[in-house]
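What follows is the content of final.cif (mmCIF, C-alpha atoms and all ligand atoms).
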data_model
loop_
_atom_site.label_atom_id
_atom_site.label_comp_id
_atom_site.auth_asym_id
_atom_site.auth_seq_id
_atom_site.Cartn_x
_atom_site.Cartn_y
_atom_site.Cartn_z
CA MET A 1 19.66 13.59 23.66
CA ASN A 2 21.13 12.98 20.21
CA LYS A 3 20.30 15.19 17.19
CA ILE A 4 18.17 12.54 15.52
CA LYS A 5 16.00 12.02 18.57
CA GLU A 6 15.54 15.77 18.72
CA LEU A 7 14.32 15.69 15.11
CA ILE A 8 11.99 12.81 15.92
CA ASN A 9 10.54 14.84 18.81
CA LYS A 10 10.13 17.84 16.55
CA LEU A 11 8.29 15.73 13.99
CA ASN A 12 6.10 14.26 16.71
CA GLN A 13 5.08 17.76 17.75
CA ASN A 14 4.82 19.61 14.44
CA HIS A 15 4.14 16.75 11.99
CA SER A 16 6.41 18.55 9.59
CA LEU A 17 10.13 18.85 8.84
CA SER A 18 12.18 20.48 6.10
CA LEU A 19 13.63 18.36 3.29
CA GLU A 20 17.08 18.67 4.86
CA GLU A 21 15.72 17.52 8.21
CA TYR A 22 14.04 14.50 6.59
CA GLU A 23 17.37 13.67 4.95
CA ALA A 24 19.13 13.86 8.31
CA LEU A 25 16.45 11.66 9.87
CA ILE A 26 16.84 8.98 7.19
CA SER A 27 20.66 9.06 7.22
CA GLY A 28 20.53 8.98 11.00
CA TYR A 29 18.97 5.53 11.11
CA SER A 30 20.18 3.42 14.00
CA LYS A 31 18.47 0.67 15.94
CA GLU A 32 18.19 2.94 18.95
CA ASN A 33 16.69 5.85 17.00
CA ALA A 34 14.27 3.52 15.24
CA GLU A 35 13.08 2.17 18.60
CA TYR A 36 12.63 5.72 19.83
CA ALA A 37 10.56 6.66 16.75
CA ALA A 38 8.51 3.46 17.00
CA ALA A 39 7.57 4.13 20.64
CA LEU A 40 6.27 7.60 19.74
CA ALA A 41 4.52 6.27 16.64
CA VAL A 42 2.71 3.61 18.64
CA GLU A 43 1.68 6.22 21.20
CA GLN A 44 0.24 8.44 18.44
CA ARG A 45 -1.55 5.59 16.71
CA LYS A 46 -3.12 4.43 20.00
CA LYS A 47 -4.57 7.89 20.60
CA TYR A 48 -6.75 7.56 17.50
CA TYR A 49 -7.09 3.85 16.88
CA LYS A 50 -6.51 2.22 20.29
CA ASN A 51 -5.13 -1.27 19.74
CA HIS A 52 -7.42 -1.91 16.78
CA ILE A 53 -6.15 -3.38 13.55
CA TYR A 54 -8.28 -2.94 10.45
CA ILE A 55 -8.34 -5.67 7.86
CA ARG A 56 -8.97 -5.27 4.13
CA GLY A 57 -9.81 -8.19 1.88
CA LEU A 58 -7.51 -8.01 -1.12
CA VAL A 59 -8.94 -9.38 -4.34
CA GLU A 60 -6.40 -9.46 -7.14
CA VAL A 61 -8.71 -9.06 -10.09
CA SER A 62 -6.27 -9.33 -12.99
CA ASN A 63 -2.54 -9.75 -13.58
CA ILE A 64 -2.73 -8.47 -17.14
CA CYS A 65 -1.02 -5.10 -17.50
CA LYS A 66 -0.28 -2.78 -20.39
CA ASN A 67 2.60 -1.18 -18.51
CA ASP A 68 6.19 -2.31 -18.34
CA CYS A 69 7.44 -1.05 -14.95
CA TYR A 70 11.00 -2.32 -14.58
CA TYR A 71 10.45 -3.64 -11.05
CA CYS A 72 7.14 -5.42 -11.40
CA GLY A 73 6.61 -9.13 -12.02
CA ILE A 74 3.33 -8.64 -13.91
CA ARG A 75 4.87 -6.19 -16.40
CA ARG A 76 3.81 -6.51 -20.02
CA SER A 77 7.11 -7.96 -21.22
CA ASN A 78 7.23 -10.77 -18.68
CA LYS A 79 6.34 -13.66 -20.97
CA ARG A 80 6.47 -16.08 -18.04
CA CYS A 81 3.54 -14.40 -16.33
CA ASP A 82 0.60 -16.81 -16.40
CA HIS A 83 -2.31 -14.49 -17.16
CA TYR A 84 -5.75 -14.48 -15.59
CA ARG A 85 -8.67 -12.15 -15.06
CA LEU A 86 -11.39 -12.81 -12.49
CA THR A 87 -15.06 -12.75 -13.50
CA LYS A 88 -17.72 -10.80 -11.67
CA GLU A 89 -18.84 -14.09 -10.11
CA ASP A 90 -15.31 -14.82 -8.86
CA ILE A 91 -15.10 -11.39 -7.24
CA LEU A 92 -18.51 -11.68 -5.60
CA ALA A 93 -17.63 -15.15 -4.32
CA SER A 94 -14.41 -13.82 -2.75
CA ALA A 95 -16.36 -10.99 -1.12
CA LYS A 96 -18.96 -13.41 0.22
CA GLU A 97 -16.28 -15.49 1.86
CA GLY A 98 -14.60 -12.36 3.18
CA TYR A 99 -17.79 -10.87 4.57
CA ALA A 100 -18.44 -14.03 6.58
CA LEU A 101 -14.93 -13.76 8.00
CA GLY A 102 -15.49 -10.19 9.19
CA PHE A 103 -14.07 -8.13 6.33
CA ARG A 104 -15.85 -4.80 5.81
CA THR A 105 -13.53 -3.44 3.14
CA PHE A 106 -12.80 -5.08 -0.18
CA VAL A 107 -9.84 -3.96 -2.22
CA MET A 108 -9.87 -4.72 -5.92
CA GLN A 109 -6.31 -4.55 -7.16
CA GLY A 110 -4.88 -5.38 -10.54
CA GLY A 111 -2.73 -4.50 -13.48
CA GLU A 112 -3.83 -1.92 -16.03
CA ASP A 113 -5.89 -4.41 -17.96
CA LYS A 114 -7.89 -2.84 -20.80
CA LYS A 115 -10.66 -5.37 -20.31
CA LEU A 116 -11.32 -3.93 -16.85
CA THR A 117 -13.62 -1.43 -18.49
CA ASP A 118 -15.71 1.14 -16.67
CA GLU A 119 -18.77 -0.84 -17.62
CA PHE A 120 -17.42 -4.03 -16.04
CA LEU A 121 -16.16 -2.31 -12.92
CA VAL A 122 -19.31 -0.23 -12.40
CA ASP A 123 -21.33 -3.43 -12.57
CA VAL A 124 -19.09 -5.19 -10.01
CA ILE A 125 -18.99 -2.19 -7.67
CA LYS A 126 -22.78 -1.82 -7.78
CA GLY A 127 -23.15 -5.55 -7.20
CA LEU A 128 -20.88 -5.46 -4.16
CA LYS A 129 -22.52 -2.35 -2.76
CA SER A 130 -26.03 -3.77 -3.04
CA LEU A 131 -25.01 -7.03 -1.37
CA TYR A 132 -22.82 -5.41 1.28
CA PRO A 133 -23.94 -1.81 1.82
CA ASP A 134 -22.00 -1.69 5.09
CA CYS A 135 -18.69 -2.30 3.33
CA ALA A 136 -16.18 0.07 1.81
CA ILE A 137 -14.81 -0.55 -1.65
CA THR A 138 -11.22 0.31 -2.44
CA LEU A 139 -9.80 0.25 -5.93
CA SER A 140 -6.16 -0.13 -6.89
CA LEU A 141 -6.20 -0.39 -10.65
CA GLY A 142 -3.57 2.09 -11.69
CA GLU A 143 -3.88 5.17 -13.87
CA ARG A 144 -7.25 5.90 -15.48
CA SER A 145 -8.92 8.97 -16.92
CA TYR A 146 -10.69 11.55 -14.80
CA GLU A 147 -13.98 10.44 -16.34
CA SER A 148 -13.30 6.84 -15.43
CA TYR A 149 -12.42 7.67 -11.82
CA ALA A 150 -15.61 9.76 -11.67
CA ALA A 151 -17.77 6.92 -13.02
CA LEU A 152 -16.31 4.42 -10.53
CA LYS A 153 -16.85 6.87 -7.69
CA SER A 154 -20.49 7.41 -8.67
CA ALA A 155 -20.97 3.64 -8.78
CA GLY A 156 -19.98 3.47 -5.12
CA ALA A 157 -16.19 3.16 -4.86
CA ASP A 158 -14.97 4.82 -1.65
CA ARG A 159 -11.19 4.68 -1.76
CA TYR A 160 -8.36 4.45 -4.26
CA LEU A 161 -4.79 3.28 -3.76
CA LEU A 162 -2.27 4.59 -6.24
CA ARG A 163 1.27 4.59 -4.98
CA HIS A 164 3.17 7.58 -6.27
CA GLU A 165 6.21 5.19 -6.37
CA THR A 166 8.69 8.06 -5.97
CA ALA A 167 8.30 11.80 -5.53
CA ASP A 168 11.48 12.46 -7.53
CA ARG A 169 10.92 12.97 -11.25
CA GLU A 170 14.33 11.65 -12.30
CA HIS A 171 14.01 8.61 -10.08
CA TYR A 172 10.56 7.97 -11.55
CA GLY A 173 12.18 7.90 -14.98
CA LYS A 174 14.65 5.21 -13.85
CA LEU A 175 11.87 2.93 -12.58
CA HIS A 176 9.55 3.23 -15.55
CA PRO A 177 9.77 3.16 -19.35
CA LYS A 178 9.44 6.37 -21.34
CA ASP A 179 5.74 5.98 -22.07
CA MET A 180 4.94 6.42 -18.38
CA SER A 181 5.19 9.79 -16.74
CA PHE A 182 5.65 11.25 -13.31
CA ASP A 183 3.23 14.05 -14.19
CA ALA A 184 0.50 11.63 -15.26
CA ARG A 185 0.84 9.74 -11.97
CA MET A 186 0.66 12.92 -9.91
CA GLU A 187 -2.28 14.17 -11.98
CA CYS A 188 -4.17 10.95 -11.22
CA LEU A 189 -3.58 11.37 -7.48
CA LYS A 190 -4.83 14.95 -7.66
CA ASN A 191 -7.90 13.89 -9.63
CA LEU A 192 -8.73 11.14 -7.18
CA LYS A 193 -8.55 13.55 -4.28
CA GLY A 194 -10.64 16.12 -6.12
CA LEU A 195 -13.33 13.53 -6.78
CA GLY A 196 -13.66 12.84 -3.07
CA TYR A 197 -12.03 9.43 -2.85
CA GLN A 198 -10.12 8.55 0.30
CA VAL A 199 -6.74 8.33 -1.38
CA GLY A 200 -3.65 6.25 -0.72
CA CYS A 201 -0.19 6.94 -2.07
CA GLY A 202 3.04 5.14 -1.27
CA PHE A 203 6.36 3.81 -2.44
CA MET A 204 8.75 0.87 -2.29
CA VAL A 205 11.58 1.09 0.22
CA GLY A 206 14.93 0.33 -1.38
CA SER A 207 13.73 0.51 -4.97
CA PRO A 208 16.64 0.65 -7.43
CA TYR A 209 18.31 4.09 -7.62
CA GLN A 210 16.49 5.32 -4.50
CA THR A 211 18.64 7.66 -2.40
CA VAL A 212 18.34 9.48 0.91
CA GLN A 213 17.37 12.54 -1.14
CA THR A 214 14.59 10.81 -3.07
CA LEU A 215 13.26 9.27 0.16
CA ALA A 216 13.23 12.67 1.84
CA LYS A 217 11.14 13.93 -1.09
CA ASP A 218 8.75 11.01 -0.58
CA LEU A 219 8.30 12.02 3.06
CA LYS A 220 7.78 15.67 2.18
CA PHE A 221 5.27 14.65 -0.48
CA ILE A 222 3.33 12.56 2.04
CA GLU A 223 3.34 15.48 4.45
CA GLU A 224 2.04 17.93 1.84
CA PHE A 225 -0.33 15.71 -0.14
CA ALA A 226 -1.88 14.55 3.14
CA PRO A 227 -3.29 11.24 1.90
CA ASP A 228 -5.74 9.11 3.90
CA MET A 229 -3.61 6.01 3.43
CA CYS A 230 -0.01 5.27 2.62
CA GLY A 231 1.32 1.92 1.47
CA ILE A 232 5.01 1.26 1.86
CA GLY A 233 6.88 -2.02 1.72
CA PRO A 234 10.35 -3.18 0.79
CA TYR A 235 11.18 -3.47 -2.89
CA LEU A 236 11.56 -7.18 -3.56
CA THR A 237 13.40 -8.50 -6.58
CA HIS A 238 11.51 -10.40 -9.26
CA SER A 239 13.73 -12.64 -11.36
CA ASP A 240 11.88 -12.03 -14.63
CA THR A 241 12.29 -8.25 -14.69
CA PRO A 242 15.11 -5.95 -15.87
CA PHE A 243 15.88 -5.33 -12.18
CA ARG A 244 16.56 -9.03 -11.51
CA ASP A 245 20.08 -8.29 -10.24
CA MET A 246 19.08 -5.40 -8.00
CA PRO A 247 19.04 -6.15 -4.27
CA SER A 248 15.80 -6.08 -2.28
CA GLY A 249 15.06 -3.29 0.16
CA SER A 250 15.63 -3.50 3.89
CA LEU A 251 13.23 -4.59 6.60
CA GLU A 252 14.76 -2.22 9.17
CA LEU A 253 14.52 0.88 7.00
CA THR A 254 10.92 0.04 6.09
CA LEU A 255 10.00 -0.20 9.79
CA TYR A 256 11.77 3.06 10.60
CA LEU A 257 9.95 4.81 7.74
CA LEU A 258 6.61 3.42 8.92
CA SER A 259 7.21 5.07 12.29
CA ILE A 260 8.28 8.34 10.69
CA ILE A 261 5.22 8.38 8.42
CA ARG A 262 2.98 7.75 11.45
CA LEU A 263 4.55 10.79 13.11
CA ILE A 264 4.03 12.89 9.97
CA ASN A 265 0.37 11.97 9.99
CA PRO A 266 -0.91 10.34 13.19
CA THR A 267 -4.38 9.45 11.83
CA LEU A 268 -3.12 7.89 8.60
CA LEU A 269 -4.30 4.42 7.63
CA LEU A 270 -0.98 2.68 7.36
CA PRO A 271 -0.77 -0.94 6.22
CA ALA A 272 1.81 -3.50 7.21
CA THR A 273 2.05 -4.74 3.62
CA THR A 274 2.35 -8.17 2.05
CA ALA A 275 5.89 -7.26 0.95
CA LEU A 276 6.78 -6.66 4.59
CA GLY A 277 5.27 -10.04 5.48
CA THR A 278 7.33 -11.59 2.69
CA ILE A 279 10.73 -10.19 3.62
CA HIS A 280 10.33 -11.49 7.18
CA GLU A 281 8.03 -14.12 8.64
CA LYS A 282 6.96 -11.71 11.38
CA GLY A 283 7.13 -8.63 9.14
CA ARG A 284 3.49 -7.66 9.54
CA GLU A 285 3.67 -7.90 13.32
CA MET A 286 6.85 -5.82 13.26
CA GLY A 287 5.05 -3.30 11.05
CA VAL A 288 2.24 -2.97 13.59
CA LEU A 289 4.77 -2.50 16.37
CA ALA A 290 6.36 0.27 14.30
CA GLY A 291 3.06 2.15 13.90
CA ALA A 292 1.00 0.43 11.17
CA ASN A 293 -2.72 -0.18 11.78
CA VAL A 294 -4.00 -1.96 8.67
CA ILE A 295 -3.43 -5.44 7.25
CA MET A 296 -4.63 -6.59 3.85
CA PRO A 297 -5.02 -10.38 3.78
CA ASN A 298 -5.48 -12.07 0.45
CA LEU A 299 -9.04 -13.02 -0.51
CA SER A 300 -8.31 -13.93 -4.13
CA PRO A 301 -9.29 -17.44 -5.18
CA ILE A 302 -6.41 -19.77 -4.28
CA SER A 303 -6.15 -20.91 -7.91
CA VAL A 304 -4.91 -17.48 -9.03
CA ARG A 305 -2.84 -16.37 -6.05
CA LYS A 306 0.38 -17.90 -7.30
CA LYS A 307 -0.10 -15.97 -10.53
CA TYR A 308 -0.28 -12.47 -9.04
CA LEU A 309 3.43 -12.32 -8.45
CA LEU A 310 4.69 -8.77 -8.25
CA TYR A 311 7.92 -10.15 -6.76
CA ASP A 312 9.53 -13.51 -5.99
CA ASN A 313 8.41 -15.68 -3.04
CA LYS A 314 5.28 -13.65 -2.26
CA ALA A 315 3.92 -14.59 1.17
CA CYS A 316 0.67 -16.42 1.93
CA THR A 317 -0.04 -17.78 -1.50
CA GLY A 318 -1.45 -21.08 -0.17
CA ASP A 319 -3.49 -20.44 2.98
CA GLU A 320 -7.26 -20.60 2.93
CA ALA A 321 -8.70 -17.17 3.76
CA ALA A 322 -10.36 -18.54 6.89
CA GLU A 323 -7.16 -20.17 8.08
CA SER A 324 -5.03 -17.10 7.47
CA ILE A 325 -7.45 -14.75 9.24
CA LYS A 326 -7.51 -17.06 12.24
CA ASN A 327 -3.73 -17.06 12.39
CA LEU A 328 -3.63 -13.32 11.92
CA LYS A 329 -6.04 -12.71 14.80
CA GLU A 330 -3.96 -14.93 17.05
CA SER A 331 -0.66 -13.35 16.12
CA MET A 332 -2.06 -9.84 16.60
CA LYS A 333 -3.45 -10.85 19.96
CA SER A 334 -0.06 -12.19 20.98
CA ILE A 335 1.45 -8.71 20.50
CA GLY A 336 -1.44 -6.94 22.23
CA TYR A 337 -3.58 -5.93 19.23
CA GLU A 338 -7.11 -6.77 18.17
CA VAL A 339 -8.35 -7.39 14.63
CA VAL A 340 -11.72 -5.65 14.38
CA THR A 341 -14.74 -6.05 12.13
CA ALA A 342 -15.25 -2.52 10.84
CA ARG A 343 -15.03 -0.47 7.66
CA GLY A 344 -12.08 1.22 9.27
CA ASP A 345 -12.42 4.71 7.90
CA ARG A 346 -9.94 7.31 8.92
CA THR A 347 -10.68 8.82 12.31
CA GLY A 348 -10.30 12.44 13.20
CA THR A 349 -7.76 14.93 12.02
CA VAL A 350 -4.95 16.34 14.01
N1 LIG A 401 -1.24 -1.59 -11.14
C1 LIG A 401 -1.68 -0.93 -9.97
C2 LIG A 401 -1.58 -1.68 -8.70
C3 LIG A 401 -0.89 -3.01 -8.67
S1 LIG A 401 0.76 -3.09 -8.13
C4 LIG A 401 -0.98 0.41 -9.86
O1 LIG A 401 -0.26 0.79 -10.74
O2 LIG A 401 -1.21 1.11 -8.88
C5 LIG A 401 0.72 -2.50 -6.47
C6 LIG A 401 2.05 -2.03 -5.94
O3 LIG A 401 2.96 -3.10 -5.80
C7 LIG A 401 2.79 -1.05 -6.83
O4 LIG A 401 2.29 0.25 -6.67
C8 LIG A 401 4.24 -1.22 -6.40
O5 LIG A 401 4.63 -0.18 -5.50
C9 LIG A 401 4.25 -2.57 -5.70
N2 LIG A 401 5.22 -3.46 -6.36
C10 LIG A 401 5.32 -3.78 -7.66
N3 LIG A 401 6.41 -4.52 -7.89
C11 LIG A 401 7.03 -4.70 -6.70
C12 LIG A 401 8.21 -5.36 -6.28
N4 LIG A 401 9.01 -5.99 -7.14
N5 LIG A 401 8.53 -5.30 -4.96
C13 LIG A 401 7.74 -4.68 -4.07
N6 LIG A 401 6.63 -4.02 -4.42
C14 LIG A 401 6.26 -4.03 -5.71
#

Take the structure in this file and express it as structure tokens.
Ligand code: SAH
Amino acid sequence: MNKIKELINKLNQNHSLSLEEYEALISGYSKENAEYAAALAVEQRKKYYKNHIYIRGLVEVSNICKNDCYYCGIRRSNKRCDHYRLTKEDILASAKEGYALGFRTFVMQGGEDKKLTDEFLVDVIKGLKSLYPDCAITLSLGERSYESYAALKSAGADRYLLRHETADREHYGKLHPKDMSFDARMECLKNLKGLGYQVGCGFMVGSPYQTVQTLAKDLKFIEEFAPDMCGIGPYLTHSDTPFRDMPSGSLELTLYLLSIIRLINPTLLLPATTALGTIHEKGREMGVLAGANVIMPNLSPISVRKKYLLYDNKACTGDEAAESIKNLKESMKSIGYEVVTARGDRTGTV
């Protein structure tokens, strides 16, 4: 057995490796090793989640953002971004449609839009919770104060997705302008956990200036922070950002990392992301076969979907929600998985 497979076995048993071992694992990527990791990842995932795939209805509430992240298509300085913000009625209408289709989690994601005040969000969260008490509410609205996170939690929010983006301070500085800080991001993640949210972190695979060393730090961070969810997808170039000439990340490395992350944390909620579905037509299916167990179809009104462009050529901007969920169920079935109607909380701990 080769050294890398030995490391994969070790990770599968201990759910922990040293930084140097993670580096070796990443540098040791080969098709054969990736297949080996995927088989173990699928075995682990099946122990806790059988062949069930959880779906989350993604509602992109606003593409207005005060930040200027160099990689992101809805950054403040992108003058070609066609701005919108959904109303409470829009959000409730998306949820109504989603509920009828079997969604039991709604994810409100958006830029850091100052008009998404606590008052507005508390009202929407309470509205959703009273209409759909059996549903979970996930927020993904970037960095906010401790008090704000607390108010949204009290209103009924259950989960929060805030990708850490990179666990390497210097790398963080190359992806973001000076007014954003690695410490602030980490502080937010800590606060969210402390407040009792189910928390998701994550990063882009192949983001500019990412190295084997920074990726190993991401893996170690995921191991130590022990999130409930982890969103990873390939970095995809957006032509109206400072990173327009930087190449997109790789499908293969993303899949390999999905398997590795599953082995770090077998009960993790691990989405096959939209970015993965964008880089390859069958990306989401490949993600599931590498160890993912969550898919987040778009429930935003069709009129705004083409405007929430984090990167070029984003997948699924035109399909009706009903149509896309039907296709998703069929394609999951074709690879031996079942889309279930459930809140899809995290099961068990290892
Ligand atoms: N503003 C919120 C969430 C919206 S963006 C926040 O800060 O958390 C959601 C995620 O999309 C980001 O965390 C980032 O990792 C990812 N993203 C942004 N631009 C991207 C790009 N060009 N390619 C791939 N993923 C991207």

Would you list the contacts of Thr273 of chain A as a PyMOL selection string, taking every protein, DNA or RNA residue within 7 Å and counting all atoms listed in the file, but skipping same-chain residues closer than 4 positions in sequence? chain A and resi 232-233+277+284+295-296

Please find the residues contacting ligand LIG 401 (chain A) at a distance of at most 6 Å between atoms, with all atoms listed in the file counted, and report them as number ranges by chain. A: 71-72, 109-112, 140-142, 162-163, 165, 203-204, 234-238, 275, 310-311

Quick one: residues within 8 Å of Tyr146 of chain A, only C-alpha atoms, excluding same-chain residues fewer than 5 positions away - as a PyMOL selection string? chain A and resi 188+191-192

Separation of atom CA of Cys65 of chain A from atom CA of Asp158 of chain A, in Å and rounded to one decimal: 23.3 Å

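For the choices A:Pro227, A:Ser239, A:Gly200, A:Glu285, the atom-to-atom distance to Glu330 of chain A is smallest for A:Glu285 when using all atoms listed in the file.
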
Tell me which protein, DNA and RNA residues are within 8 Å of segment 256-265 of chain A, counting all atoms listed in the file, leaving out same-chain ones fewer than 2 positions away, and put them as an NGL selection string. :A and (8 or 11-12 or 15-16 or 29 or 34 or 37-38 or 40-42 or 44-45 or 219 or 222-223 or 226 or 232 or 252-254 or 267-268 or 270 or 287 or 290-292 or 350)

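Among A:Gly127, A:Gly173, A:Gly28, A:Pro133, the residue with the shortest atom-to-atom distance to Tyr70 of chain A, counting all atoms listed in the file, is A:Gly173.
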
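Across the structure, atom CA of Val212 of chain A and atom CA of Glu20 of chain A are spaced 10.1 Å apart.
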
Restricting the calculation to only C-alpha atoms, which member of A:Cys81, A:Asp228, A:Glu6, A:Ser27 is positioned closest to Leu309 of chain A? A:Cys81

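Picture a line from atom CA of Lys66 of chain A to atom CA of Asp240 of chain A; it runs 16.3 Å.
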
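Nearest residue to Leu299 of chain A, choosing from A:Ala167, A:Met286, A:Val199, A:Ala321 and counting all atoms listed in the file: A:Ala321.
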
Residue with the minimum atom-to-atom distance to Glu320 of chain A, picked from A:Leu17, A:Val339, A:Leu101, A:Leu255 with only C-alpha atoms counted, is A:Leu101

Distance query Lys178 of chain A at most 12 Å, all atoms listed in the file, self and fewer than 6 positions along chain excluded, as a VMD selection string: chain A and resid 67 to 70 170 172

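Compared by their closest atoms to Val59 of chain A, and using only C-alpha atoms, the residues A:Gly98, A:Gly196, A:Gly156, A:Gly206 rank with A:Gly98 nearest.
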
What box, with edges along x, y and z, holds each listed atom of segment 230-243 of chain A when 3 Å is added on every side, and can you state its centre and edge lengths in Å to one decimal, as lines of an AutoDock Vina configuration file?
center_x = 7.9
center_y = -3.7
center_z = -6.6
size_x = 21.9
size_y = 23.9
size_z = 24.5

Please identify all polymer residues within 10 Å of His52 of chain A, counting all atoms listed in the file, omitting same-chain residues fewer than 3 positions from it, and present them as a list in words. Arg45, Lys46, Tyr48, Tyr49, Ile55, Asn293, Val294, Met332, Gly336, Tyr337, Glu338, Val339, Val340, Thr341, Ala342 and Gly344 of chain A

Give as a PyMOL selection string every residue, naming chains and numbers as the document does, that has an atom within 9 Å of (-5.0, -21.1, -2.6), counting all atoms listed in the file. chain A and resi 300-306+316-321
